[in-house]
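Here is the structure we will look at, set down as structure tokens.
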Amino acid sequence: MRLPILELRSVTHVFANGIYGLRNVNLSIASGSFVVLAGANGSGKTILMRHLNGLAKATTGSVLLDGVNILENLAETRRRVGLVFQDPDSQLLRETVARDVAFGPENLRLKRAEINRRVADALAATGLVGFDRRRPHSLSGGEKRRLAVAGVLAMYPDVLVLDEPFTGLDWRGSARLIEVLLKLHAAGKTILLITHDLDKMLAHANRLVLMEAGKITADGRPEKLISKVENHGVRRPPGTILSMTWAT
Ligand SMILES: Nc1ncnc2c1ncn2[C@@H]1O[C@H](COP(=O)(O)OP(=O)(O)OP(=O)(O)O)[C@@H](O)[C@H]1O
Ligand SMILES: [Mg+2]
């Protein structure tokens with residue numbers, strides 16, 4: 001049994017206006033696992049993600065990374081847990097693509113040669129070779145999304161959390177991103193993929209977690225849960241996916 005790398009313990013989040021974003025959520029993510037988190041709009045997926053590196057703070061309960069409360073070392077948590085947000089514009093910070101990807105590694109105070117290597121690797125992994133000098137805001141929606149992924153990859157995170165990463169990507173962009181995620185997973189990274197669209201990744205996941213109204217309402221092997229997802233507000237993927245081989 002692999003140890004949990006990330007753990008939410010009885011996390012409840014109440015927004016300033018009194019709305020409950022999360023209600024007593026317990027979730028333990030094993031190191032090296034590939035988890036898909038699904039749920040209808042407003043079920044709490046994004047607010048859960050924001051707790052994983054301290055961007056949102058639990059009203060009650062705690063979040064642990066390798067058994068240690070993340071509030072004890074937020075900088076380390078943010079290096080090790082890379083978040084790719086639903087809105088890629090929110091993650092574009094610099095005036096060129098290359099400088100944008102270099103932002104994280106520069107904050108780690110790495111040597112210039114190491115930064116350059118990471119930038120080149122991240123751009124290659126996301127299909128953005130040749131985009132180095134482009135202005136991030138001049139990129140297409142799909143390219144911006146890949147740039148946001150590149151910026152997180154350059155941090156060499158142990159856990160990668162992506163919020164609806166396929167939105168706006170064409171089939172090639174989606175296929176490339178899936179390939180990147182599978183490679184990272186094969187290299188031992190922990191992946192948490194948030195989506196309400198199960199078609200693309202479920203065949204590769206070894207766990208499916210379903211949320212409704214701020215609670216986890218189902219959690220288990222994808223092949224066991226797939227027939228019930230529509231009871232949890234998530235569309236069941238078309239038939240073909242059911243005959244695909246499941247990840248172990
Ligand atoms: N800043 C906020 N203040 C008050 N309520 C909020 C705030 N942000 C989110 N919420 C509410 O919290 C709930 C969960 O929102 P969240 O963004 O986590 O949903 P989601 O599952 O990511 O949905 P989607 O699939 O649409 O992205 C929703 O009911 C939402 O309206
Ligand atoms: Mg969301």
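If you're wondering about the labels, chains in the structure tokens are A, B, ... by order shown, residues count from 1 in each chain, ligands from 1 in order shown.
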
Practice prompt. May I ask you to write as a list in words all residues lying at most 9 Å from ligand 2, with only C-alpha atoms and all ligand atoms counted?
Written response: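 Every residue with an atom at most 9 Å from ligand 2 is listed here: Asn41, Gly42, Ser43, Gly44, Lys45, Thr46, Ile47, Met49, Phe85, Gln86, Asp163, Glu164, Ile194 and Thr195 of chain A.
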
Item to complete: Enumerate, as number ranges by chain, the complete set of residues in region 4-107 of chain A that a backbone-based DSSP assignment places in alpha helix (DSSP H).
Response: A: 45-51, 74-80, 97-107

Item to complete: Taking the chain letters and numbering used in this document, name the residues of region 38-183 of chain A that DSSP puts in strand (DSSP E), as JSON, numbers by chain.
Response: {"A": [38, 39, 60, 61, 62, 63, 64, 65, 68, 69, 81, 82, 83, 84, 159, 160, 161, 162, 163]}

Using N, CA and C atoms, can you export the residues from the last selection as a PDB file, in the first residue's frame?
```
ATOM      1  N   ALA A  38     -14.443  14.169 -10.308  1.00  0.00           N
ATOM      2  CA  ALA A  38     -15.522  14.657 -11.176  1.00  0.00           C
ATOM      3  C   ALA A  38     -16.696  15.114 -10.333  1.00  0.00           C
ATOM      4  N   GLY A  39     -17.526  15.935 -10.949  1.00  0.00           N
ATOM      5  CA  GLY A  39     -18.723  16.406 -10.243  1.00  0.00           C
ATOM      6  C   GLY A  39     -19.361  17.499 -11.074  1.00  0.00           C
ATOM      7  N   THR A  60     -12.543  24.622   8.909  1.00  0.00           N
ATOM      8  CA  THR A  60     -12.149  23.633   9.922  1.00  0.00           C
ATOM      9  C   THR A  60     -11.533  22.455   9.186  1.00  0.00           C
ATOM     10  N   GLY A  61     -10.673  21.721   9.870  1.00  0.00           N
ATOM     11  CA  GLY A  61      -9.989  20.586   9.256  1.00  0.00           C
ATOM     12  C   GLY A  61      -8.610  20.981   8.774  1.00  0.00           C
ATOM     13  N   SER A  62      -7.888  20.028   8.186  1.00  0.00           N
ATOM     14  CA  SER A  62      -6.515  20.330   7.776  1.00  0.00           C
ATOM     15  C   SER A  62      -6.139  19.583   6.506  1.00  0.00           C
ATOM     16  N   VAL A  63      -5.074  20.090   5.862  1.00  0.00           N
ATOM     17  CA  VAL A  63      -4.535  19.478   4.648  1.00  0.00           C
ATOM     18  C   VAL A  63      -3.089  19.105   4.948  1.00  0.00           C
ATOM     19  N   LEU A  64      -2.729  17.852   4.635  1.00  0.00           N
ATOM     20  CA  LEU A  64      -1.391  17.360   4.949  1.00  0.00           C
ATOM     21  C   LEU A  64      -0.656  16.967   3.675  1.00  0.00           C
ATOM     22  N   LEU A  65       0.629  17.283   3.634  1.00  0.00           N
ATOM     23  CA  LEU A  65       1.501  16.820   2.551  1.00  0.00           C
ATOM     24  C   LEU A  65       2.567  15.956   3.218  1.00  0.00           C
ATOM     25  N   VAL A  68       2.451  16.148   6.954  1.00  0.00           N
ATOM     26  CA  VAL A  68       2.714  17.403   7.659  1.00  0.00           C
ATOM     27  C   VAL A  68       1.701  18.457   7.206  1.00  0.00           C
ATOM     28  N   ASN A  69       1.143  19.183   8.146  1.00  0.00           N
ATOM     29  CA  ASN A  69       0.176  20.235   7.804  1.00  0.00           C
ATOM     30  C   ASN A  69       0.822  21.223   6.828  1.00  0.00           C
ATOM     31  N   VAL A  81       3.427  20.825  -5.090  1.00  0.00           N
ATOM     32  CA  VAL A  81       2.062  20.593  -5.584  1.00  0.00           C
ATOM     33  C   VAL A  81       1.760  21.656  -6.636  1.00  0.00           C
ATOM     34  N   GLY A  82       1.802  21.261  -7.888  1.00  0.00           N
ATOM     35  CA  GLY A  82       1.593  22.212  -8.981  1.00  0.00           C
ATOM     36  C   GLY A  82       0.127  22.234  -9.405  1.00  0.00           C
ATOM     37  N   LEU A  83      -0.454  23.431  -9.419  1.00  0.00           N
ATOM     38  CA  LEU A  83      -1.864  23.555  -9.813  1.00  0.00           C
ATOM     39  C   LEU A  83      -1.975  24.218 -11.183  1.00  0.00           C
ATOM     40  N   VAL A  84      -2.750  23.629 -12.056  1.00  0.00           N
ATOM     41  CA  VAL A  84      -3.069  24.255 -13.339  1.00  0.00           C
ATOM     42  C   VAL A  84      -4.544  24.645 -13.279  1.00  0.00           C
ATOM     43  N   VAL A 159       3.288  16.454  -7.290  1.00  0.00           N
ATOM     44  CA  VAL A 159       1.852  16.270  -7.516  1.00  0.00           C
ATOM     45  C   VAL A 159       1.406  17.318  -8.529  1.00  0.00           C
ATOM     46  N   LEU A 160       0.655  16.878  -9.510  1.00  0.00           N
ATOM     47  CA  LEU A 160       0.148  17.808 -10.519  1.00  0.00           C
ATOM     48  C   LEU A 160      -1.378  17.760 -10.451  1.00  0.00           C
ATOM     49  N   VAL A 161      -1.986  18.918 -10.264  1.00  0.00           N
ATOM     50  CA  VAL A 161      -3.445  18.982 -10.169  1.00  0.00           C
ATOM     51  C   VAL A 161      -3.928  19.877 -11.300  1.00  0.00           C
ATOM     52  N   LEU A 162      -4.801  19.361 -12.138  1.00  0.00           N
ATOM     53  CA  LEU A 162      -5.246  20.133 -13.304  1.00  0.00           C
ATOM     54  C   LEU A 162      -6.761  20.275 -13.260  1.00  0.00           C
ATOM     55  N   ASP A 163      -7.232  21.514 -13.394  1.00  0.00           N
ATOM     56  CA  ASP A 163      -8.662  21.800 -13.316  1.00  0.00           C
ATOM     57  C   ASP A 163      -9.215  21.979 -14.731  1.00  0.00           C
TER      58      ASP A 163
END
```

With only C-alpha atoms counted and 9 Å as the cut-off, give the residues of region 50-153 of chain A in contact with region 173-187 of chain A, each with its shortest interatomic distance in Å and the pair that gives it, as a tab-separated table.
```
residue	atom	partner	partner_atom	distance
A:Ala125	CA	A:Val180	CA	6.4
A:Thr126	CA	A:Leu177	CA	6.8
A:Gly127	CA	A:Arg176	CA	7.5
A:Gly142	CA	A:Gly173	CA	7.1
A:Glu143	CA	A:Gly173	CA	8.4
A:Arg146	CA	A:Leu177	CA	7.7
A:Val149	CA	A:Leu177	CA	8.8
```

Output file for the residues above (N, CA and C atoms, as a PDB file, in the first residue's frame):
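The resulting file, part_8.pdb, is reproduced below:
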```
ATOM      1  N   ALA A 125       7.688  19.526 -23.886  1.00  0.00           N
ATOM      2  CA  ALA A 125       6.671  18.584 -23.401  1.00  0.00           C
ATOM      3  C   ALA A 125       5.267  19.045 -23.750  1.00  0.00           C
ATOM      4  N   THR A 126       5.081  20.342 -23.879  1.00  0.00           N
ATOM      5  CA  THR A 126       3.738  20.869 -24.120  1.00  0.00           C
ATOM      6  C   THR A 126       3.545  21.330 -25.572  1.00  0.00           C
ATOM      7  N   GLY A 127       4.519  21.022 -26.416  1.00  0.00           N
ATOM      8  CA  GLY A 127       4.372  21.355 -27.832  1.00  0.00           C
ATOM      9  C   GLY A 127       4.488  22.840 -28.113  1.00  0.00           C
ATOM     10  N   GLY A 142      -6.050  27.413 -26.467  1.00  0.00           N
ATOM     11  CA  GLY A 142      -5.408  26.110 -26.245  1.00  0.00           C
ATOM     12  C   GLY A 142      -3.921  26.261 -25.956  1.00  0.00           C
ATOM     13  N   GLU A 143      -3.275  27.199 -26.668  1.00  0.00           N
ATOM     14  CA  GLU A 143      -1.842  27.427 -26.431  1.00  0.00           C
ATOM     15  C   GLU A 143      -1.604  27.984 -25.029  1.00  0.00           C
ATOM     16  N   ARG A 146      -1.708  25.197 -22.586  1.00  0.00           N
ATOM     17  CA  ARG A 146      -0.461  24.419 -22.599  1.00  0.00           C
ATOM     18  C   ARG A 146       0.664  25.198 -21.921  1.00  0.00           C
ATOM     19  N   VAL A 149       0.390  24.755 -18.253  1.00  0.00           N
ATOM     20  CA  VAL A 149       0.915  23.440 -17.859  1.00  0.00           C
ATOM     21  C   VAL A 149       2.440  23.490 -17.857  1.00  0.00           C
TER      22      VAL A 149
END
```

Worksheet item: In terms of the shortest atom-to-atom distance over only C-alpha atoms, which of A:Ala98, A:Leu192, A:Leu3, A:Met211 is closest to Leu52 (chain A)?
Response: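 Between A:Ala98, A:Leu192, A:Leu3, A:Met211, the residue approaching Leu52 (chain A) most closely is A:Leu192.
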
Discussion item. Measuring between only C-alpha atoms, which one of A:Gly233, A:Gly141, A:Pro165, A:Pro136 shows the shortest distance to Leu93 (chain A)?
Written reply: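 Selected residue with least distance to Leu93 (chain A): A:Pro136.
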
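Each of A:Gln91, A:Leu37, A:Ala154, A:Arg133 was compared to Asn116 (chain A) using only C-alpha atoms, and A:Ala154 turns out to be the nearest.
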
Practice prompt. Please provide as a PyMOL selection string all residues within 7 Å of Leu123 (chain A), with the sequence filter that same-chain residues fewer than 5 positions apart are discarded (counting only C-alpha atoms).
Written response: chain A and resi 128-129+150

Worksheet item: Between A:Arg118, A:Arg50, A:Arg135, A:Arg23, which one has atoms that come closest to Arg9 (chain A), using only C-alpha atoms?
Response: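 Among the listed residues, A:Arg23 lies closest to Arg9 (chain A).
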
Practice prompt. Would you please work out which residue, of A:Leu8, A:Leu139, A:Ala102, A:Val234, is nearest to ligand 1 when using only C-alpha atoms and all ligand atoms?
Written response: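 Counting only C-alpha atoms and all ligand atoms, the residue closest to ligand 1 is A:Val234.
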
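When the distance limit is 6 Å and only C-alpha atoms are what count, the residues near Gly21 (chain A), minus those fewer than 6 positions from it on the same chain, are His13, Val14, Gly44 and Gly214 of chain A.
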
Worksheet entry | Length of the atom 30 (C, counted along the ligand's line) of ligand 1 to CA of Ala40 (chain A) vector [Å] |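 CA of Ala40 (chain A) lies 11.1 Å from atom 30 (C, counted along the ligand's line) of ligand 1.
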
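Among A:Ser33, A:Thr12, A:Thr77, A:Asn53, the residue with the shortest atom-to-atom distance to ligand 1, counting only C-alpha atoms and all ligand atoms, is A:Thr12.
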
Worksheet entry | Å distance separating CA of Asp87 (chain A) from CA of Ile29 (chain A), one decimal place | 24.3 Å

Worksheet item: Could you name the residues that touch Asp132 (chain A) at 10 Å or less, counting only C-alpha atoms, but leaving out those on the same chain fewer than 5 positions away, as a ChimeraX atom specification?
Response: /A:96-101,119-120,123

Worksheet item: What gap, in Å, lies between atom 6 (C, counted along the ligand's line) of ligand 1 and CA of Val152 (chain A)?
Response: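 About the pair atom 6 (C, counted along the ligand's line) of ligand 1 and CA of Val152 (chain A): they are 25.2 Å apart.
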
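Residues in contact with Val229 (chain A) at 12 Å, where only C-alpha atoms are counted and same-chain residues fewer than 4 positions away are skipped, are listed as Leu37, Ala38, Gly39, Ala40, His196, Asp197, Leu198, Leu208, Val209, Leu210, Met211, Glu212, Thr217, Ala218, Asp219, Gly220, Pro222, Glu223, Lys224, Leu225, Gly233, Val234, Arg235, Arg236 and Pro237 of chain A.
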